[in-house]
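Here the structure comes first, spelled out in structure tokens, and everything after it is commentary.
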Amino acid sequence: MNKTIKIKGDLTDWSALFDLMPNRKKRMRNAQPVALTSDPVRELVRNIHPEVINLVIDSVRDETASAKTFRLTPDIDEGTSALPIFRAGQYLSFKLPVGEETVTRPYSIASSPLDAFERGFFEITVRKKEGGFATGRIWNNWKAGVKVAASGPCGFFYHDSIRDSSEIVGLGGGCGVTPFRSMISDIVENRLDLRLTFLYGVRKPDDIIYHDELRKLEAKAPEKIKVVFVCSEPGESWTGPSGFLSADVIREHAGGMEGKTFFVCGPQEMYRFLDAELEKLNLPRRLIRREAFGEVTDPAAFPGYPAAAVGKSFTISAEIGDELFEVPANSAESVLVAFERAKLSPPSQCRSGECGFCRALLLEGDVFITPENDGRRLADKKFGYIHPCASYPVSDMKVRILRGA
Amino acid sequence: MNEKSTERLKPEYDVVVIGAGNGGLAAALELAVKGAKPLLLEQHNLPGGFATSFVRGRFEFEASLHELCSVGSVTNKGGVRAFLEDEAKVEIDWVPVPEAYRLILTDEKMDVTMPFGVDAFIDAVGKAVPGSRDSVETYMRFCEGISDALGVIGKLQDKPDLTKIAATIQNLPAALKHIASTTPGIVNFLKTLPCTVEEVTRTFNIPDDALKIIYPYWCYLGVPMSRMAFSLWAALIIEYIRLGAYIPRMRSHELTSAMEMRIRELGGRIEFNTRVEKILVEKGRVTGLETSAGDKIKTSCVICNASPTLTYNRLIHPAEEVPEAAHRNVNAHIHGGAGFVVYLGLDAPPAELGINEYGYFISKTMDTDAVYNSLGRLGMTDMQATICLNNAVPDCSPPGTTILSMTTLYKPDVWAGVTAKDYFALKNKIAGEMIDEFEKALGTKIRGRIEEFEVATPATFSRYTGTYKGIIYGYEPEPWDSIITRHLALKDENYIRGLMFAGGFGAMCMGYSSALLSGRAAALAALKKLG
Ligand SMILES: Cc1cc2nc3c(=O)[nH]c(=O)nc-3n(C[C@H](O)[C@H](O)[C@H](O)COP(=O)(O)OP(=O)(O)OC[C@H]3O[C@@H](n4cnc5c(N)ncnc54)[C@H](O)[C@@H]3O)c2cc1C
Ligand code: FES
């Protein structure tokens, strides 16, 4: 069974074995005694996925009564000399200073990838939210010349040539038009080879963001782009389609549905409404791509929410490093918001349970997690990790927060 | 209200582990088990390094694991299971992989499915290639002897005395008789130590077609058989075929999270989002570290899960403390393959797609030199190792869906010239060709059923772990740089006192099981130093 084999022709020759280590030494001696100073792959990563992008506000433009577009250029003084390429539909997570600490808010990049890569700017369009925490500050503070910091481009709401059809139906609502503006520009600039029918639902004609611009883009590539504005409260002078983005409206304007990929982005009420409408169209799930849901502000409205927790206040013991903090929380706000109110600045990015950036370890107590936003890994569920942006306290808790990224 | 000048760690630790990949986690775990209270620092916000998973839509993808070696069944435990279950009391829901592999050689028109179990494996080769059985049996038994011998030597580390191996081999003539009588096969082991797979295997006169069926696991080492260390190969094929392969039910994130939890439970300290920026060295000795979170920690003992390449070139501070010999050492190694993986969530069940096996090796040929050369081109390579997770864990994705992942390797410099602007188109082009190749090989259609799609390139692996050039395969194990030679050289090549390595670039070579066991070995060595 133990067959003897010939090594270098001589059964009794052990020299190869005894030469092994001297050979190794020789190889080391003959190698260059120099440091490896560059790693081109690391450079590539830095170009594609910078950890931070330092920006400066170049200009501000009013779109509607409640929406402004901010043009942002690289802040060379802070170390950002060029903007990364991204995939049309992605967002940036902005870090907004609040005193010494920061909170984050995600905003879709509304400009095209070429705008960033060749023309050196991003644009985002922000709609002011009544009682909103961040948008109020943005309105007051974001003027030309002001510095802002953002994450690298993130998110998965983009067209992929391998996964998706080249015939696209876009369904946007309210401020959810922003990623479509980027996609449409990308198509017109011949980087995305698609045909896109974009149905844009708004309440009133005045709420339409980028009206003229979208029409112009459409005119540049009428064989590829079709934009349909749909108003639910159209008023007298409106001649276009009215109502919500119902299955009927979609059928009427999007033509044959067969094999087309749907991209959906809008407020949460719209997602809820469209869930039911899209069901009527009998599309395989594969063909519906939805942008991250966004932070839930009414957890109690979700099925399974424990009634006893409504309107309650709780205390979260938050462990960071060796330190323990008592954090007041209320059941209607995410655990992430509780930490932010307590000025703990935990890491976050998507605020929709999707990216895992805010990942924290639940040591004691219970949370309610909205199913739409439960993007956790299986093992995280098993071992008690939560995504605080998508978790709502329903008891006193003890949580270990990761240090800021 | 809260004064958050905090987040501070203790100013001093006996031992700090850098990196929570398989190697670092295993090191910290072993330290914690032995009552040391290690500090484990990880730059990312979760444990695992490559050993992780990610969620897209309704799918959770395994990032890297194909199958773990050396787990074994409950009654026949391999080293990994024994370490985790018996020694560290880490419970993992291990799921056996159903078959060894299905091999499809597209240019050579070969398509065979191989079982686990040495006897069954031999029979299967014999059946596929009439007349090969005897030579294959002799070969596999020979490999078993080599693997057993390596096992015996490996156990010496329990003591934990790595220098024992050195002593054993250096006093060979005297020791030989004794060892030969205790472990048959050890003489063959020592004799084949300087040999490549080809040098040894060709003496067995195995028919070519049979060799093709035996060789596919070469992909897990990524070095052509003309250069691969034979002893490592023998151990690898035997460990897989004899013990079978396993995966954690909830992806490798279950494995790494379970280790994380156990380390915490035993009083170890883990901080994520904490990148070690500097390992401070004075007069050739580790004195402490500095992190991205502003920690300054004193320690005289560091177990580093980052590669020597990264450590000597980026982490040691001041840089002048890195001796020339350390740079020569790094540059003498041949840096191994960088990873490229296509992840697919499909909206049809595996059976409907005709995907009935767990693991596929799909390759143009089994000429490993030719295939290896194809890893140097920026395009689709000649091989892919493809996994259908559902065929081991049926409910890993929702009913009616399938998870597939297709992996290949690139030589480390191939992606160096890629620009940011070309990057997305390039990765889709290669991924698309790999999908086409898979469809052709199986005669199936998966395009049109793709619900989720993601690609990890060398840049992705670099991004998430910092690994040099996106390398996932450590250093290439040629005979002079394989498991035994690396152990023998450990002392000689310890350029900075108090600094040890764990992980795929370490003395055990690459792979999950190696990285885990190397972490454990490093911890034992550290404990010995600490006294
Ligand atoms: C992927 C993605 C892309 C998006 N793209 C766009 C876009 O292109 N354009 C756009 O306009 N919007 C976009 N949004 C929505 C956007 O991120 C914000 O949610 C929106 O601007 C509202 O922010 P706000 O702070 O004004 O309101 P809210 O987030 O509703 O502000 C109230 C929140 O602040 C919390 N809060 C109150 N006081 C404090 C305090 N003292 N400290 C900390 N927290 C407090 C409250 O609990 C509550 O959760 C996007 C969202 C997602 C998920
Ligand atoms: S911030 Fe993305 S999961 Fe919480």
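Each chain in the structure tokens gets a letter, A, B, ..., in the order shown, and its residues are numbered from 1; ligands are numbered from 1 in order too.
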Handout entry: Residues within 6 Å of A:Cys265, only C-alpha atoms, excluding chain neighbours under 3 positions, as a list of chain:residue names
Key = A:Gly172, A:Gly176, A:Glu291
Selection as JSON, numbers by chain: residues within 8 Å of ligand 1 by only C-alpha atoms and all ligand atoms: {"A": [67, 90, 91, 92, 98, 103, 105, 106, 107, 108, 109, 110, 124, 125, 126, 127, 128, 129, 130, 131, 132, 133, 134, 135, 136, 137, 155, 175, 176, 177, 178, 179, 291, 292, 293, 294, 295, 296, 297, 332, 333, 334, 337, 338, 339, 340, 341, 342, 343, 350, 351, 352]}
Let me see if you get this right: every residue at most 7 Å from ligand 2, counting only C-alpha atoms and all ligand atoms, written as JSON, numbers by chain. {"A": [348, 349, 350, 351, 352, 353, 354, 355, 356, 357, 358, 359, 387, 388, 389, 390]}
Select residues of chain A: the criterion is any atom within 6 Å of an atom of chain B, counting only C-alpha atoms; output as a PDB file with C-alpha atoms, in the first residue's frame.
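Result file part-v1.pdb:
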ATOM      1  CA  ASN A   2       2.692   2.524   0.810  1.00  0.00           C
ATOM      2  CA  LEU A  17      14.484  17.363   1.513  1.00  0.00           C
ATOM      3  CA  LEU A  20      14.278  22.579   0.959  1.00  0.00           C
ATOM      4  CA  ARG A  24      13.783  28.914   0.753  1.00  0.00           C
ATOM      5  CA  MET A  28      14.493  35.213   0.193  1.00  0.00           C
ATOM      6  CA  ALA A  31      14.268  38.825  -3.526  1.00  0.00           C
ATOM      7  CA  GLN A  32      14.152  42.620  -3.636  1.00  0.00           C
ATOM      8  CA  PRO A  33      14.599  44.291  -0.247  1.00  0.00           C
ATOM      9  CA  VAL A  34      12.123  47.024  -1.092  1.00  0.00           C
ATOM     10  CA  ALA A  35       8.737  48.048   0.192  1.00  0.00           C
ATOM     11  CA  PRO A  40      -3.412  49.895  -7.875  1.00  0.00           C
ATOM     12  CA  VAL A  41      -6.486  47.910  -6.855  1.00  0.00           C
ATOM     13  CA  VAL A  45     -11.410  51.231  -4.865  1.00  0.00           C
ATOM     14  CA  ILE A  48     -15.051  54.054  -7.090  1.00  0.00           C
ATOM     15  CA  ARG A 163     -30.412  41.423 -14.496  1.00  0.00           C
ATOM     16  CA  ARG A 286     -37.999  39.759 -10.543  1.00  0.00           C
ATOM     17  CA  ILE A 320     -20.181  52.222  23.397  1.00  0.00           C
ATOM     18  CA  GLY A 321     -16.659  51.089  24.100  1.00  0.00           C
ATOM     19  CA  ALA A 379     -27.320  34.925  11.603  1.00  0.00           C
ATOM     20  CA  ALA A 405     -17.396  54.467  11.090  1.00  0.00           C
TER      21      ALA A 405
END
Restrict the calculation to only C-alpha atoms, then for each residue of stretch 105-177 of chain A with any atom at most 12 Å from an atom of stretch 225-245 of chain A give the closest atom pair and their distance in Å to one decimal, rows by chain and rising residue number, as a Markdown table.
| residue | atom | partner | partner_atom | distance |
| --- | --- | --- | --- | --- |
| A:Glu167 | CA | A:Ile225 | CA | 10.4 |
| A:Ile168 | CA | A:Ile225 | CA | 9.7 |
| A:Val169 | CA | A:Lys226 | CA | 9.6 |
| A:Gly170 | CA | A:Val227 | CA | 9.2 |
| A:Leu171 | CA | A:Leu245 | CA | 7.7 |
| A:Gly172 | CA | A:Leu245 | CA | 8.9 |
| A:Gly173 | CA | A:Leu245 | CA | 8.8 |
| A:Gly174 | CA | A:Cys231 | CA | 10.5 |
| A:Val177 | CA | A:Phe229 | CA | 10.9 |
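For the atom pair formed by atom CA of A:Asp193 and atom CA of A:Ser165, the distance is 10.5 Å, given to one decimal.
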Next item on the list: Extract the full set of alpha helix (DSSP H) residues from stretch 303-415 of chain B according to DSSP on the backbone, and format it as a PyMOL selection string.
Entry: chain B and resi 308-310+324-332+368-374
Restrict the selected residues to N, CA and C atoms and save them as a short mmCIF file (atom, residue, chain, number, x, y, z; two decimals), in the first residue's frame.
data_model
loop_
_atom_site.label_atom_id
_atom_site.label_comp_id
_atom_site.auth_asym_id
_atom_site.auth_seq_id
_atom_site.Cartn_x
_atom_site.Cartn_y
_atom_site.Cartn_z
N PRO B 308 1.21 39.52 5.88
CA PRO B 308 2.53 40.13 6.03
C PRO B 308 2.74 41.22 4.99
N THR B 309 2.23 41.02 3.79
CA THR B 309 2.40 42.04 2.75
C THR B 309 1.85 43.38 3.22
N LEU B 310 0.64 43.35 3.73
CA LEU B 310 -0.01 44.58 4.19
C LEU B 310 0.69 45.11 5.44
N GLU B 324 15.09 44.88 6.13
CA GLU B 324 15.15 44.50 4.72
C GLU B 324 14.71 43.06 4.53
N ALA B 325 15.09 42.22 5.47
CA ALA B 325 14.76 40.80 5.33
C ALA B 325 13.25 40.58 5.25
N ALA B 326 12.49 41.41 5.95
CA ALA B 326 11.02 41.25 5.92
C ALA B 326 10.50 41.62 4.53
N HIS B 327 11.05 42.68 3.96
CA HIS B 327 10.64 43.04 2.59
C HIS B 327 11.03 41.94 1.61
N ARG B 328 12.24 41.41 1.79
CA ARG B 328 12.65 40.31 0.90
C ARG B 328 11.70 39.14 1.04
N ASN B 329 11.32 38.86 2.25
CA ASN B 329 10.41 37.76 2.52
C ASN B 329 9.09 37.95 1.77
N VAL B 330 8.50 39.13 1.91
CA VAL B 330 7.23 39.41 1.23
C VAL B 330 7.40 39.26 -0.28
N ASN B 331 8.50 39.82 -0.79
CA ASN B 331 8.67 39.81 -2.23
C ASN B 331 9.06 38.44 -2.78
N ALA B 332 9.58 37.58 -1.93
CA ALA B 332 9.93 36.23 -2.37
C ALA B 332 8.68 35.37 -2.55
N THR B 368 -3.73 22.24 -15.90
CA THR B 368 -3.76 23.31 -14.91
C THR B 368 -2.81 24.46 -15.26
N ASP B 369 -1.77 24.16 -16.01
CA ASP B 369 -0.89 25.27 -16.45
C ASP B 369 -1.64 26.18 -17.41
N ALA B 370 -2.35 25.58 -18.33
CA ALA B 370 -3.09 26.38 -19.31
C ALA B 370 -4.18 27.19 -18.61
N VAL B 371 -4.89 26.54 -17.70
CA VAL B 371 -5.97 27.25 -17.02
C VAL B 371 -5.38 28.37 -16.16
N TYR B 372 -4.29 28.07 -15.47
CA TYR B 372 -3.63 29.09 -14.65
C TYR B 372 -3.24 30.29 -15.50
N ASN B 373 -2.72 30.03 -16.69
CA ASN B 373 -2.36 31.15 -17.57
C ASN B 373 -3.55 32.02 -17.91
N SER B 374 -4.72 31.38 -18.02
CA SER B 374 -5.90 32.17 -18.36
C SER B 374 -6.29 33.13 -17.24
#
Here atom CA of B:Thr299 and atom CA of B:Tyr512 stand apart by 27.9 Å
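For A:Glu213, the list of residues within 12 Å, based on only C-alpha atoms and with local chain neighbours fewer than 3 positions off taken out, reads A:Glu63, A:Ser111, A:Arg181, A:Ser182, A:Ile184, A:Ser185, A:Ile208, A:Ile209, A:Tyr210, A:Lys216, A:Leu217, A:Glu218, A:Ala219, A:Lys220, A:Val227.
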The selected residues should be written to file as a short mmCIF file (atom, residue, chain, number, x, y, z; two decimals), in the first residue's frame (atoms: C-alpha atoms).
data_model
loop_
_atom_site.label_atom_id
_atom_site.label_comp_id
_atom_site.auth_asym_id
_atom_site.auth_seq_id
_atom_site.Cartn_x
_atom_site.Cartn_y
_atom_site.Cartn_z
CA GLU A 63 -37.60 73.80 -8.41
CA SER A 111 -27.52 64.47 -11.96
CA ARG A 181 -33.64 62.28 -13.68
CA SER A 182 -30.21 60.72 -13.39
CA ILE A 184 -32.90 59.61 -18.08
CA SER A 185 -29.84 61.84 -18.46
CA ILE A 208 -43.89 68.55 -10.66
CA ILE A 209 -40.17 68.80 -10.22
CA TYR A 210 -38.03 69.21 -13.38
CA LYS A 216 -36.35 68.62 -23.04
CA LEU A 217 -34.56 65.37 -22.31
CA GLU A 218 -37.47 63.49 -23.82
CA ALA A 219 -37.24 65.60 -26.97
CA LYS A 220 -33.55 64.78 -27.32
CA VAL A 227 -42.34 60.98 -19.77
#
Which of stretch 89-286 of chain A end up as strand (DSSP E or B) when DSSP is run on this backbone - answer as JSON, numbers by chain?
{"A": [91, 92, 93, 94, 95, 96, 97, 98, 101, 102, 103, 104, 105, 106, 107, 108, 122, 123, 124, 125, 126, 127, 147, 148, 149, 150, 154, 167, 168, 169, 170, 171, 172, 173, 195, 196, 197, 198, 199, 200, 201, 202, 225, 226, 227, 228, 229, 230, 231, 242, 261, 262, 263, 264, 265]}
